[in-house]
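Report on one structure; see the data block that follows.
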Amino acid sequence: MSINLFDLTGKTALITGGVHGLGMAMAKGLGHAGAKIVVNDLSQEALDKAIAEYKSVGIEAYGYVFNVTDEKSVIASVKQIESEVGPIDILINNAGIIKRTPIIEMEVEDFTAVITVDLISPFIVSKTVVKGMIQRGGGKIINICSMMSELGRDSVSAYAAAKGGLKMLTKNMATEWAKFNIQTNGIGPGYFATSQTAPIRVDGHPFNEFIISRTPAARWGDPEDLQGAAIFLSSKASDFVNGHILYVDGGILATIGKPSNED
């Protein structure tokens, strides 16, 4: 019985931006748990490469080109997905961007761009997908938040503002939609070993040393470390979990850190 709680066989999952990195890692987790995977991107070339990767590991996957910040495009694409692949049972709002600029130097256009992708697009995609979930009597929505949903950091004001807002949007979605048997939750990743972080994950690099010393688990996360959280929040096992942000961070948010004179 407990094994069946995590079985996603027969489910269709849309993971926005799931063509690489942490989005792909979570999508692979859902795929190996039995779900059909749908991902989107702005580039057909990126989609083709991602779909080939999914299929190479035995996952049924489909790709669609659309812009998550364009409501008309989202509405048309969701309709197409549900017609061609099946009703969307699971939505992971993963697409996001970051611009590292000090507040005093940041242009309004750049701040707005980050808010649009990281906060407004989950609003657009969720309000579109949830209509079908309400009609069918259930569904799972997972918003990819961040430790910046809780903490600030130099030069990421727009990202932190968006992810902080996404945390509260997640709670409000849960408040409005739980009565329809829709569970809306978030995942807040810590620092992970991806291709983007590879240049700084080397011995002697100050940021590498900082992350290892700041994290109680004393390591960077492996992208596969996110799969259990994604499967749990996508499955029957989380049917009474609503409005929760599950931080997968090796314990960073649990501690103030070690003094410099401690090993």
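By order of appearance in the structure tokens: chains A, B, ..., then residues from 1 within every chain, and ligands from 1 in the order shown.
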> Which neighbours of Val130 (chain A) fall inside 10 Å, counting only C-alpha atoms, when residues of the same chain fewer than 2 positions from it are skipped, and could you give them as a list in words?
Replying inline: Ile88, Asp89, Ile90, Leu91, Val125, Ser126, Lys127, Thr128, Gly132, Met133, Ile134, Gln135, Arg136, Gly138, Gly139, Lys140, Ile141, Met173, Trp177, Phe180 and Ile182 of chain A
> Quick one: DSSP alpha helix (DSSP H) residues in region 64-212 of chain A, as an MDAnalysis selection string?
Replying inline: chainID A and resid 71:84 108:115 121:136 157:177 206:212
>> Would you pick out the contacts of Tyr54 (chain A) at 10 Å or less, using only C-alpha atoms, so that residues sharing its chain but fewer than 3 positions from it are not included, and give the list as an NGL selection string?
In response: :A and (19 or 24 or 27-28 or 31 or 37 or 49-51 or 57-62)
N, CA, C and O atoms of the current selection, written as a PDB file, in the first residue's frame:
ATOM      1  N   VAL A  19      13.824  21.527 -19.538  1.00  0.00           N
ATOM      2  CA  VAL A  19      14.694  21.036 -20.611  1.00  0.00           C
ATOM      3  C   VAL A  19      16.134  20.848 -20.146  1.00  0.00           C
ATOM      4  O   VAL A  19      16.981  20.379 -20.917  1.00  0.00           O
ATOM      5  N   MET A  24      14.778  19.381 -15.291  1.00  0.00           N
ATOM      6  CA  MET A  24      14.893  18.060 -15.921  1.00  0.00           C
ATOM      7  C   MET A  24      15.062  16.976 -14.868  1.00  0.00           C
ATOM      8  O   MET A  24      14.489  15.881 -14.999  1.00  0.00           O
ATOM      9  N   ALA A  27      11.695  16.291 -13.439  1.00  0.00           N
ATOM     10  CA  ALA A  27      10.868  15.630 -14.450  1.00  0.00           C
ATOM     11  C   ALA A  27      11.259  14.165 -14.606  1.00  0.00           C
ATOM     12  O   ALA A  27      10.391  13.285 -14.742  1.00  0.00           O
ATOM     13  N   LYS A  28      12.550  13.878 -14.581  1.00  0.00           N
ATOM     14  CA  LYS A  28      12.991  12.483 -14.673  1.00  0.00           C
ATOM     15  C   LYS A  28      12.479  11.679 -13.483  1.00  0.00           C
ATOM     16  O   LYS A  28      12.070  10.520 -13.630  1.00  0.00           O
ATOM     17  N   GLY A  31       8.945  10.939 -14.190  1.00  0.00           N
ATOM     18  CA  GLY A  31       8.863   9.975 -15.282  1.00  0.00           C
ATOM     19  C   GLY A  31       9.180   8.564 -14.821  1.00  0.00           C
ATOM     20  O   GLY A  31       8.486   7.599 -15.185  1.00  0.00           O
ATOM     21  N   ILE A  37       5.618  12.884 -19.260  1.00  0.00           N
ATOM     22  CA  ILE A  37       6.250  14.169 -19.032  1.00  0.00           C
ATOM     23  C   ILE A  37       6.014  15.108 -20.207  1.00  0.00           C
ATOM     24  O   ILE A  37       6.193  14.733 -21.362  1.00  0.00           O
ATOM     25  N   LYS A  49      16.355  18.270 -28.040  1.00  0.00           N
ATOM     26  CA  LYS A  49      17.470  17.686 -27.293  1.00  0.00           C
ATOM     27  C   LYS A  49      16.980  17.081 -25.978  1.00  0.00           C
ATOM     28  O   LYS A  49      17.379  15.974 -25.586  1.00  0.00           O
ATOM     29  N   ALA A  50      16.093  17.814 -25.291  1.00  0.00           N
ATOM     30  CA  ALA A  50      15.578  17.337 -24.009  1.00  0.00           C
ATOM     31  C   ALA A  50      14.727  16.083 -24.181  1.00  0.00           C
ATOM     32  O   ALA A  50      14.857  15.115 -23.419  1.00  0.00           O
ATOM     33  N   ILE A  51      13.853  16.082 -25.181  1.00  0.00           N
ATOM     34  CA  ILE A  51      12.984  14.925 -25.408  1.00  0.00           C
ATOM     35  C   ILE A  51      13.812  13.692 -25.725  1.00  0.00           C
ATOM     36  O   ILE A  51      13.519  12.579 -25.260  1.00  0.00           O
ATOM     37  N   VAL A  57      16.295   7.425 -21.483  1.00  0.00           N
ATOM     38  CA  VAL A  57      16.230   6.761 -20.177  1.00  0.00           C
ATOM     39  C   VAL A  57      14.853   6.137 -19.941  1.00  0.00           C
ATOM     40  O   VAL A  57      14.462   5.853 -18.799  1.00  0.00           O
ATOM     41  N   GLY A  58      14.102   5.958 -21.026  1.00  0.00           N
ATOM     42  CA  GLY A  58      12.848   5.223 -20.961  1.00  0.00           C
ATOM     43  C   GLY A  58      11.649   6.003 -20.483  1.00  0.00           C
ATOM     44  O   GLY A  58      10.663   5.406 -20.029  1.00  0.00           O
ATOM     45  N   ILE A  59      11.690   7.336 -20.606  1.00  0.00           N
ATOM     46  CA  ILE A  59      10.579   8.169 -20.148  1.00  0.00           C
ATOM     47  C   ILE A  59       9.772   8.660 -21.342  1.00  0.00           C
ATOM     48  O   ILE A  59      10.336   9.168 -22.319  1.00  0.00           O
ATOM     49  N   GLU A  60       8.455   8.520 -21.257  1.00  0.00           N
ATOM     50  CA  GLU A  60       7.559   9.051 -22.291  1.00  0.00           C
ATOM     51  C   GLU A  60       7.459  10.559 -22.106  1.00  0.00           C
ATOM     52  O   GLU A  60       7.003  11.042 -21.066  1.00  0.00           O
ATOM     53  N   ALA A  61       7.908  11.317 -23.107  1.00  0.00           N
ATOM     54  CA  ALA A  61       7.990  12.768 -22.943  1.00  0.00           C
ATOM     55  C   ALA A  61       7.582  13.496 -24.212  1.00  0.00           C
ATOM     56  O   ALA A  61       7.755  12.981 -25.324  1.00  0.00           O
ATOM     57  N   TYR A  62       7.069  14.703 -24.016  1.00  0.00           N
ATOM     58  CA  TYR A  62       6.586  15.542 -25.115  1.00  0.00           C
ATOM     59  C   TYR A  62       7.049  16.975 -24.881  1.00  0.00           C
ATOM     60  O   TYR A  62       7.149  17.423 -23.735  1.00  0.00           O
TER      61      TYR A  62
END
Produce a table with one row for each residue of region 120-187 of chain A that has an atom at most 6 Å from any atom of region 235-242 of chain A, each row naming the nearest atom pair and its distance in Å at one decimal; use only C-alpha atoms; arrange rows by chain and rising residue number; format as a Markdown table.
| residue | atom | partner | partner_atom | distance |
| --- | --- | --- | --- | --- |
| A:Ala174 | CA | A:Asn242 | CA | 5.6 |
| A:Gln183 | CA | A:Asn242 | CA | 5.2 |
| A:Thr184 | CA | A:Asn242 | CA | 5.6 |
| A:Asn185 | CA | A:Asn242 | CA | 5.9 |
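For region 208-225 of chain A, the non-local neighbours within 6 Å, defined as residues at least 4 positions apart in the same chain or in other chains and counting only C-alpha atoms, are A:Leu22, A:Ala25, A:Tyr191, A:Phe192, A:Ala193, A:Ile200, A:Arg201, A:Gly250, A:Gly251, A:Ile252, A:Gly257.
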Selected residues written out with C-alpha atoms, as a PDB file, in the first residue's frame:
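Result saved to selection25.pdb:
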ATOM      1  CA  LEU A  22      16.922  20.978 -11.841  1.00  0.00           C
ATOM      2  CA  ALA A  25      16.022  16.250 -12.771  1.00  0.00           C
ATOM      3  CA  TYR A 191      22.649  25.070  -3.726  1.00  0.00           C
ATOM      4  CA  PHE A 192      22.970  22.309  -6.298  1.00  0.00           C
ATOM      5  CA  ALA A 193      25.716  20.858  -8.456  1.00  0.00           C
ATOM      6  CA  ILE A 200      32.665  27.745  -8.858  1.00  0.00           C
ATOM      7  CA  ARG A 201      32.481  24.192  -7.486  1.00  0.00           C
ATOM      8  CA  GLY A 250      20.939  20.234   3.205  1.00  0.00           C
ATOM      9  CA  GLY A 251      19.896  22.111   6.339  1.00  0.00           C
ATOM     10  CA  ILE A 252      21.047  25.650   5.460  1.00  0.00           C
ATOM     11  CA  GLY A 257      26.020  28.824  10.657  1.00  0.00           C
TER      12      GLY A 257
END
>> Which residue is closest to Met147 (chain A)? Choose from A:Ala230, A:Leu30, A:Val85, A:Ala254 and count only C-alpha atoms.
In response: A:Ala254
>> What's the separation between CA of Glu176 (chain A) and CA of Ala113 (chain A), in Å to one decimal place?
In response: 27.1 Å
>> What's around Phe111 (chain A) at 10 Å? Count only C-alpha atoms, leave out sequence neighbours fewer than 5 positions away in its own chain, and write the answer as a PyMOL selection string.
In response: chain A and resi 98-99+101+103+106+116+156-159+161-162
> DSSP on the backbone: what in region 38-169 of chain A comes out strand (DSSP E or B), as JSON, numbers by chain?
Replying inline: {"A": [38, 39, 40, 41, 61, 62, 63, 64, 65, 90, 91, 92, 93, 139, 140, 141, 142, 143, 144]}
>> I'd like to know which of A:Thr194, A:Ile142, A:Gln44, A:Gly164 is closest to Leu246 (chain A), using only C-alpha atoms.
In response: A:Ile142
> Near Lys163 (chain A), counting only C-alpha atoms, which residues have an atom at most 7 Å away, once you skip same-chain residues fewer than 4 positions from it, shown as JSON, numbers by chain?
Replying inline: {"A": [118, 119, 145, 146, 148, 149, 159, 167]}
>> Could you check the closest approach to Leu233 (chain A) for each of A:Gly29, A:Pro199, A:Gly186, A:Gly96 and tell me which residue wins, using only C-alpha atoms?
In response: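 Ranked by minimum distance to Leu233 (chain A), first place goes to A:Gly186.
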> To one decimal place, how far is CA of Asn94 (chain A) from CA of Ile120 (chain A) in Å?
Replying inline: 12.3 Å
> Out of A:His20, A:Lys72, A:Lys171, A:Arg100, which residue has the shortest atom-to-atom distance to Ala46 (chain A) when counting only C-alpha atoms?
Replying inline: A:His20
